[in-house]
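Inspection log for the structure reproduced underneath, given as C-alpha cells.
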Amino acid sequence: MLSLLFEYFFQGLVLCILLALGYLYLTRKEEKHGNNRRTQSGLATDSDFEEDQINDLETDKNAWTEDQTKRCEAIAKESGIHALQEMIHCNLNKWQNINVIFAVIGETGAGKSSFINAMLRQKAGEKGSARVGCTQTTLKRNEYQHPKHKSLSFWDLPGVGTSKFPKDTYLVDIRFKMYDFFIMVTSGSFTENELWLIKEIEKRGRKFYFVRTKIDLDILNDSTINPDDHDSKKLQGEIRDSIHTQLSKDGVSNKIIFLIDNNWNARRSIPCESYDFEILMERLIADVPKLKRQTLIFSLSAISLNLMNEKVKALKSRIKYVALAASMGSLVPIPGAGFSCEIGAIIHEVQLYKEQLQTDERSMKTLAEKMNINLNELCQNTNVKTHAIYAGASASQRLVIALCAELATSEAAESVLKGVVPILGNVISAMASIPICAFTLQKLLKRCEEEAMRVQNEFEKWSVTAADTSE
C-alpha cells in the first residue's frame with residue numbers, strides 16, 4: 001500500500017515538473033514571437049501533414065514552423081481536437097499503406113528466390129518465403145510480401161521470350177507500370193532476351209539495378225583452385241568488369257552492378273561485409289520517390305550503420321506529431337488521465353523505435369539464439385534496458401517515469417523550479433506538455449539508438465570470434 005501511494009506521489013511530482021517546463025517554454029515563445037498571431041483561413045488536409053513530414057525528413061527538422069502551428073490551430077478550431085488527433089494519427093501511419101513494389105527478373109537457377117528471401121529477411125521454408133532450390137521455370141508472376149509490412153513486396157517475374165511471355169506483349173503481360181524498381185538477377189552473364197528487356201526498361205526511364213548473385217561460391221571455388229594466388233577483392237573486380245563490358249557492348253548506359261551473397265541473411269558473418277548487399281539497400285532508399293521513402297526505410301531491416309541512421313532520421317521526423325497527439329490527452333477532464341495518455345503514447349512509439357532498430361524482444365531473442373546465449377545475457381552484455389517496455393504496462397510506465405526523473409534533475413528543470421508556476425487549466429496543460437513529450441521522445445530515441453549500436457558491435461565481435469574459431 002505504501003509503495004502504491006509513493007508511486008502515485010511520484011507520478012504527480014513528475015507531472016508538475018512537466019507542466020512547469022512546458023509553461024516556461026510557452027511563455028518564452030510568446031515573448032519572442034508576440035501575441036498578434038491569427039489563424040489562417042482554410043483547414044489543413046492529410047496531404048499538408050504528409051508534405052510537412054516529408055520536408056522534416058529531408059531537412060532533418062523537428063521543430064514546429066509557424067505555418068504548421070496555424071494549420072493545427074485551424075483544424076482544432078473548426079473541427080475539434082479529435083479531428084486534429086485523427087488526422088495526425090492517420091498521417092503517422094500512412095507509410096504502412098503506401099506500396100513499394102519490386103520486380104525481380106532472371107533465369108532459372110540465378111538465385112532470385114534466395115535474393116527475395118534475403119531482402120525480406122525470410123528463411124527458406126518459412127511461411128510466405130520464396131521457394132528455394134526449385135529448378136522449374138517461373139510460369140507466372142509470384143508475389144512475396146514482407147512478413148510484417150505488407151506494403152513492401154517483391155514480384156518474381158517469368159523470363160522474357162517464352163511461348164507464354166513473348167517479347168511483343170511482355171511488358172503488358174507483366175503489368176510493367178505497377179513496379180517501382182526492376183532488379184535484374186544473374187549468376188553469370190545476361191542473355192540476349194534479358195539485354196533486350198534491360199534496354200526497354202531504360203528507354204522508359206524506370207529505375208533498374210543489376211545484381212550478380214552467388215559471389216560467395218565464386219570466391220570459394222577460386223580459393224580452392226588457386227590457393228596460393230587467390231585474391232577475393234581482385235576476383236570481385238574481374239567479375240564486375242566482365243558484366244560491365246557486356247553491358248557496354250550492348251549499349252546499356254546504366255551499369256551499376258551489385259555483387260551479393262544470397263545467404264547473407266542466414267549467415268550474416270564478417271566476410272559478407274565485403275559484398276554489396278548493404279550498399280544495394282542504401283541505393284534503393286536514395287532512389288525511391290519521396291512519398292515512398294519512409295515506407296521503404298521502415299520496411300527494410302537495420303543491417304548497417306547507414307541504414308540505421310536513415311531509420312533514426314525518419315523516426316525523428318515523427319516526434320513532433322506524436323508529441324502533439326499524445327499531449328491532447330491532457331484535455332481529458334479527469335485528474336491524471338492526461339498523464340496516462342501521454343505515457344501510453346510514448347510507450348507505443350518507443351516500441352516502434354525498438355522494432356525498427358532491431359532491439360525489440362523478437363529480434364533480440366533471434367540474435368541471442370544465433371549467438372548461443374540467452375536473452376538476459378545478451379541484454380546485460382549490451383546494457384539494453386528499454387526491453388522493460390515489453391514487460392507489461394506497469395514496468396513500461398516505470399521506465400518512462402524514470403526518464404522523467406532524470407529530466408527533473410537536468411539544468412532545464414532546475415531553472416524552472418526556481419520560480420513559482422500557477423495552475424492554468426487543462427488547455428495550458430495540453431500545450432505545455434508538447435515540448436516535454438517531444439524532448440522525452442528524443443531522449444528515448446537516442447537511448448534506443450545507442451542500445452542498437454552496442455548490440456550491433458557485440459554481434460560483430462562475436463562474428464569475428466566465431467570466424468576465427470571455425471578456421
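Residue numbering restarts at 1 in every chain; chains get A, B, ... in the order shown in the C-alpha cells, and ligands count up from 1 in that same order.
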
task: Please return as a VMD selection string: the residues of stretch 164-323 of chain A that backbone DSSP assigns to alpha helix (DSSP H).
output: chain A and resid 167 to 173 192 to 203 215 to 225 232 to 249 264 to 267 277 to 287 290 to 299 305 to 316 319 to 323

field: Residue neighbourhood A:Gln236, 12 Å, only C-alpha atoms, exclusion window fewer than 6 positions, as an MDAnalysis selection string
entry: chainID A and resid 212:220 222 230 242:243 257:261 274:276

Could you produce a table of the residues of stretch 196-245 of chain A lying within 10 Å of stretch 281-304 of chain A, with the nearest pair of atoms per residue and their separation in Å rounded to one decimal, using only C-alpha atoms, ordered by chain and increasing residue number, as a tab-separated table?
```
residue	atom	partner	partner_atom	distance
A:Lys207	CA	A:Asp287	CA	8.0
A:Phe208	CA	A:Leu284	CA	9.8
A:Tyr209	CA	A:Leu284	CA	9.2
```

I need the residues from that last selection saved to file as a compact mmCIF listing (two decimals), in the first residue's frame (with C-alpha atoms), if you can.
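out37.txt written:
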```
# COMPACT_ATOMS: atom_id res chain seq x y z
CA LYS A 207 14.84 2.51 -62.09
CA PHE A 208 16.68 -0.79 -62.53
CA TYR A 209 19.67 -2.50 -60.94
```

- request: Select from stretch 172-327 of chain A everything DSSP, run on the backbone, classes as strand (DSSP E or B), then give the selection as a ChimeraX atom specification.
  value: /A:181-186,207-212,257-259

Produce a table with one row for each residue of stretch 71-141 of chain A that has an atom at most 9 Å from any atom of stretch 189-198 of chain A, each row naming the nearest atom pair and its distance in Å at one decimal; use only C-alpha atoms; arrange rows by chain and rising residue number; format as JSON lines.
```
{"residue": "A:Ile105", "atom": "CA", "partner": "A:Glu194", "partner_atom": "CA", "distance": 8.5}
{"residue": "A:Gly106", "atom": "CA", "partner": "A:Glu194", "partner_atom": "CA", "distance": 7.7}
{"residue": "A:Glu107", "atom": "CA", "partner": "A:Thr191", "partner_atom": "CA", "distance": 8.6}
```

- prompt: At what distance in Å, to one decimal, does atom CA of A:Lys320 lie from atom CA of A:Gly80?
  reply: 19.3 Å

Which residue of A:Asp156, A:Glu202, A:Glu361, A:Glu86 approaches A:Val185 most closely, using only C-alpha atoms: A:Asp156

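The interatomic distance for the pair atom CA of A:Ile256 and atom CA of A:Phe210 works out to 6.5 Å.
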
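Across the structure, atom CA of A:Ser129 and atom CA of A:Tyr170 are spaced 25.7 Å apart.
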